[in-house]
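Asker: This is the structure I have questions about; it appears just below.
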Amino acid sequence: KYMCSAPGRELIVQDIREHNLDRIVVASCSPRMHEPTFQNFVQAGGLNGYLLEMANIREHVSWVTTDRQAATEKAIAQVRGAVNRVRHHRPLQATTADINPNVLVIGGGIAGIEAALKVAAGGYHVYLVEREPSIGGRMAQLDKTFPTLDCSACILTPKMVQVAQHPRITLWTYSEVEQVDGFIGNFRVTIKRKARDVDEDRCTGCGVCMERCPGRVASEFDEGLGERKAIYRPFPQAVPNVPVIDRQHCWYYTGRARCQVCARFCPADAITFHTEDQYTEIEVGAIIVATGYELVALDPDNPWGYGRYPDVISYLQLERLVNASGPTTGRITTSQGKEPERVAILHCIGSRDNNYVPYCSRICCMANLKLAHLVREHLDAEVYEFYIDMRAFGKGYEEFYQRLQTEEVQFIRGKVAEVRQLANGQLLVRAEDTLLGGIREIPVDLVILGLGLAPRSDAGELAQKLGLQRSQDGFFMELHPKLEPMKTAVDGVFLAGACQGPKDIPDSVAHAGGAAGEALSLIARGEVVISPVTAYNVAEKCSGCRLCVGLCPYSAIEFDAEQGVARYNAALCKGCGTCVAACPSGAARIHHFEDQQLLAQLEGVTVA
């Protein structure tokens, strides 16, 4: 009854030995999930694991019909096809390859930091690559964390310093992954280290260059609410504590003036104009992707007035306002410089909305509850929370919600339809109150939007470089949503944090620890087993059209110009079959999915 259990194993092993069997057909569930299990059973009986065929009579039959007679007939046909096919199976042998012990972590937010520290603690070298001038990610922008209201910087900064000082971590900020080649255990990665125009070895982080710089521009770290200089570091606790010159706004580079003030006043002589990007190639055995998220981008004509009314802000903008090191040194003010007397916090903006993203962003409810507390902490103001459902799912989250109900925060159950500006400058929030069964219109001074979480805008570009799949919502797709949430379809590449889906800080840290564990488990083995179910090319039939080269999603095919044929790299190939389906001359083949095997299976299924 349960063939994948220990009694099923003993039955298969016993029958192989007792009846001298040379082929095995298992009619049960999905080979995607259990084929390796049954291959191990077959090998325990003394046969090659690839002399097995599975008939999936669960997902393909019993789970898709209630007609018992039709289900039985289809199951018989499935088994008959499997028996026909397994006659043509041939023994295949997996190969092995040595594993490079280094690990690459892409992304320096809390997930990337945690993954890097865990791998380094395991005794292996880590390359941590972050595209911004400093590590820290979104967590560095936060004032406090829910539900404990710990200072975000107080938690994060020590870990950032650990990364910078760890002897087994090479930290490259202001850098990007340019190209990825190779396969599990043996990846070759080209890193683009963008020119900072500041010598990291000479710079002491004194900040004189930033004080003297006359160029100013809106600060990305402060979400556009404050300004930074043209030579800058994103925030005071930045790691590394080395500024970078923004060439797009530097007066010297833009030709506005022959400035170079920063270089003249730098006591360490660390300013180096006109440096070039550097390209460094590294070899690693595993890659952990921890690139995080972005906020949902709203249309210019969105009904909440975001981008049109200056007093409609995002929750990250409020985080910067209440932060003591933020653009207002912790003061919450409207665009007129006044402290708001009435504040509205809107949940599910962009989330659970078919016009933007249909999924729940998970963290928004708790983030918005925390903002209500912070507003009440800084102001004697009326606070209105407009919500659809309150999803306080984590440890201590429900208790935090109950605490907010005692802090004079008014909760209105209903989605806000629109926000418009009144003649006196106030904002009118119009929403349905589903508990009272009517429409509410409330004038307020400040509106905070709980924007949902979305994949990074460059996620598609990175997915193409790594060969990763993305789910319908755009986040990177895991190998299995329950059993393998850190692995991907690309062996040796793992996911950590919110790049896989919306997560709060505890879940991101836990996910990153799991990804680090997967990487450590891989590289500790010393060698990797490569599946023999790969494509190959019959050179005599190959016409050299190169169609397969461009279509291969894993870059496993190269064109041999001398011989005029395609060459297949078995270590990179995943046996997806794209090349076989596209090959016009029939030269592309796949081991274990040969034409003879598939035609025999079709004949068994269709002919009674």
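Identifiers in the structure tokens: chain A, B, ... in order shown; residue index from 1 per chain; ligand index from 1 in order shown.
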Which polymer residues have any atom within 10 Å of an atom of Phe400 (chain A), counting only C-alpha atoms, with same-chain residues fewer than 4 positions away left out, as a list in words?

Answerer: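 In the requested form, the answer reads Phe146, Pro147, Thr148, Leu149, Met366, Leu369, Lys370, His373, Ala392, Lys395, Gly396, Leu404 and Gln405 of chain A.
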
Asker: Please run DSSP on the backbone and report, as a count of residues only, all residues within region 452-558 of chain A that come out as helix (DSSP H, G or I).

Answerer: 36

Asker: Considering only C-alpha atoms, state which residue in the set A:Val312, A:Ala587, A:Ala512, A:Ala570 is at the smallest distance from Ala97 (chain A).

Answerer: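 Of A:Val312, A:Ala587, A:Ala512, A:Ala570, the one nearest Ala97 (chain A) is A:Ala570, counting only C-alpha atoms.
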
Asker: Name the residues in contact with region 458-465 of chain A at a cut-off of 7 Å, using only C-alpha atoms, excluding same-chain residues fewer than 4 positions from it; report them as a list in words.

Answerer: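 Final neighbour list, sorted by chain and number: Gln179, Val180 and Gln469 of chain A.
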
Asker: Please list as a ChimeraX atom specification every residue within 12 Å of Ser555 (chain A), counting only C-alpha atoms and excluding residues in the same chain fewer than 2 positions away.

Answerer: /A:179-183,464-467,490,548-553,557-559,567-574,578-579

Asker: Identify, on the basis of only C-alpha atoms, every residue whose closest approach to region 32-44 of chain A does not exceed 12 Å; exclude the query and any residue fewer than 3 positions from it along the same chain; express the result as a ChimeraX atom specification.

Answerer: /A:2-17,21-29,47-56,59,91-93,479-480,482-484,531

Asker: So that I can check the secondary structure, give me every residue of region 146-328 of chain A assigned strand (DSSP E) by backbone DSSP, as a PyMOL selection string.

Answerer: chain A and resi 150-151+169-172+175-183+186-193+216-218+227-229+231-232+244-245+278-284+286-289+293-295+312-314

Asker: Write out as a PyMOL selection string which residues come within 9 Å of Phe235 (chain A) when counting only C-alpha atoms, dropping same-chain ones fewer than 4 positions away.

Answerer: chain A and resi 134+140-141+221-222+325-326

Asker: Save the residues we just selected, all heavy atoms, as a tab-separated table (two decimals), in the first residue's frame?

Answerer:
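Okay, this is what ended up in selection_32.tsv:
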```
chain	number	residue	atom	x	y	z
A	134	SER	N	26.96	49.99	0.21
A	134	SER	CA	27.06	49.40	1.54
A	134	SER	C	26.14	48.19	1.65
A	134	SER	O	25.12	48.10	0.97
A	134	SER	CB	26.67	50.42	2.61
A	134	SER	OG	26.51	49.80	3.88
A	140	ALA	N	18.36	48.11	6.96
A	140	ALA	CA	19.11	49.29	7.39
A	140	ALA	C	18.26	50.56	7.33
A	140	ALA	O	18.56	51.55	8.01
A	140	ALA	CB	20.35	49.47	6.52
A	141	GLN	N	17.19	50.55	6.54
A	141	GLN	CA	16.33	51.72	6.43
A	141	GLN	C	15.32	51.80	7.56
A	141	GLN	O	14.72	52.86	7.77
A	141	GLN	CB	15.58	51.70	5.10
A	141	GLN	CG	16.45	51.85	3.86
A	141	GLN	CD	15.63	51.82	2.59
A	141	GLN	OE1	15.30	50.77	2.08
A	141	GLN	NE2	15.31	53.00	2.07
A	221	PHE	N	18.57	56.29	-0.09
A	221	PHE	CA	18.42	55.61	1.19
A	221	PHE	C	17.29	56.23	2.01
A	221	PHE	O	16.55	55.52	2.70
A	221	PHE	CB	19.74	55.67	1.97
A	221	PHE	CG	19.72	54.88	3.25
A	221	PHE	CD1	19.92	53.51	3.24
A	221	PHE	CD2	19.49	55.51	4.47
A	221	PHE	CE1	19.90	52.79	4.42
A	221	PHE	CE2	19.47	54.78	5.65
A	221	PHE	CZ	19.67	53.41	5.63
A	222	ASP	N	17.14	57.55	1.94
A	222	ASP	CA	16.06	58.24	2.65
A	222	ASP	C	14.79	58.32	1.81
A	222	ASP	O	13.91	59.14	2.08
A	222	ASP	CB	16.51	59.65	3.05
A	222	ASP	CG	17.47	59.62	4.24
A	222	ASP	OD1	17.35	58.72	5.07
A	222	ASP	OD2	18.35	60.50	4.31
A	325	SER	N	18.43	59.29	12.73
A	325	SER	CA	19.46	59.66	11.76
A	325	SER	C	18.86	59.94	10.39
A	325	SER	O	19.58	60.03	9.40
A	325	SER	CB	20.50	58.54	11.63
A	325	SER	OG	19.91	57.35	11.16
A	326	GLY	N	17.54	60.07	10.32
A	326	GLY	CA	16.85	60.33	9.07
A	326	GLY	C	16.91	61.78	8.66
A	326	GLY	O	17.54	62.62	9.33
```

Asker: Measuring atom to atom with only C-alpha atoms, identify which of A:Ala218, A:Ile523, A:Val416, A:Cys203 is nearest to Asn241 (chain A).

Answerer: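 Comparing A:Ala218, A:Ile523, A:Val416, A:Cys203 against Asn241 (chain A), the winner is A:Cys203.
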
Asker: Which residues are close to Ile332 (chain A), i.e. within 10 Å by only C-alpha atoms, leaving aside same-chain residues fewer than 5 positions away? Reply as a short mmCIF file (atom, residue, chain, number, x, y, z; two decimals) with N, CA and C atoms, in the first residue's frame.

Answerer:
```
data_model
loop_
_atom_site.label_atom_id
_atom_site.label_comp_id
_atom_site.auth_asym_id
_atom_site.auth_seq_id
_atom_site.Cartn_x
_atom_site.Cartn_y
_atom_site.Cartn_z
N LEU A 318 8.08 56.79 5.90
CA LEU A 318 7.81 57.11 7.30
C LEU A 318 8.91 56.54 8.19
N GLU A 319 9.41 55.34 7.85
CA GLU A 319 10.52 54.76 8.61
C GLU A 319 11.70 55.73 8.65
N ARG A 320 11.97 56.40 7.54
CA ARG A 320 13.08 57.35 7.51
C ARG A 320 12.75 58.62 8.29
N LEU A 321 11.47 59.02 8.29
CA LEU A 321 11.10 60.22 9.03
C LEU A 321 11.25 60.02 10.54
N VAL A 322 10.86 58.86 11.05
CA VAL A 322 10.90 58.64 12.50
C VAL A 322 12.29 58.26 12.98
N ASN A 323 13.20 57.96 12.07
CA ASN A 323 14.54 57.56 12.46
C ASN A 323 15.35 58.78 12.90
N GLY A 337 5.74 71.44 6.76
CA GLY A 337 6.61 71.52 7.92
C GLY A 337 5.89 71.44 9.25
N LYS A 338 4.59 71.13 9.23
CA LYS A 338 3.81 71.04 10.46
C LYS A 338 3.67 69.59 10.91
N GLU A 339 3.50 69.41 12.21
CA GLU A 339 3.25 68.07 12.72
C GLU A 339 1.79 67.69 12.44
N PRO A 340 1.54 66.54 11.82
CA PRO A 340 0.16 66.16 11.50
C PRO A 340 -0.64 65.85 12.75
N LEU A 374 4.65 53.88 16.23
CA LEU A 374 5.70 54.89 16.14
C LEU A 374 5.11 56.30 15.99
N VAL A 375 4.02 56.42 15.23
CA VAL A 375 3.37 57.73 15.09
C VAL A 375 2.85 58.20 16.44
N HIS A 378 5.63 59.40 18.64
CA HIS A 378 6.23 60.69 18.29
C HIS A 378 5.23 61.84 18.33
N LEU A 379 3.94 61.55 18.16
CA LEU A 379 2.95 62.63 18.02
C LEU A 379 1.73 62.35 18.89
N LEU A 446 -1.87 63.45 6.94
CA LEU A 446 -0.81 62.61 6.37
C LEU A 446 -1.37 61.22 6.09
#
```

Asker: I need the residue nearest Thr170 (chain A) from this list: A:Lys144, A:Arg131, A:His125, A:Lys503. Use only C-alpha atoms for the distance.

Answerer: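 Ranking A:Lys144, A:Arg131, A:His125, A:Lys503 by distance to Thr170 (chain A), first place goes to A:His125.
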
Asker: Using only C-alpha atoms, can you tell me which of A:Pro327, A:Ile282, A:Val105, A:Arg85 comes closest to Ser219 (chain A)?

Answerer: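 Checking each candidate against Ser219 (chain A), we get A:Pro327 as the closest.
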
Asker: Figure out the distance between CA of Glu220 (chain A) and CA of Pro234 (chain A), please, to one decimal in Å.

Answerer: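 CA of Glu220 (chain A) lies 7.9 Å from CA of Pro234 (chain A).
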
Asker: Between CA of Ile231 (chain A) and CA of Thr254 (chain A), what is the spacing in Å?

Answerer: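 Pair CA of Thr254 (chain A) / CA of Ile231 (chain A) returns 13.4 Å.
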
Asker: Tell me which of A:Glu418, A:Asp269, A:Glu276, A:Glu518 sits closest to Lys487 (chain A), counting only C-alpha atoms.

Answerer: A:Glu518

Asker: Given only C-alpha atoms as the basis, pick out the residue of A:Ala367, A:Ala496, A:Ile76, A:Ile412 nearest to Asp433 (chain A).

Answerer: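 Smallest separation from Asp433 (chain A) among the options: A:Ile412.
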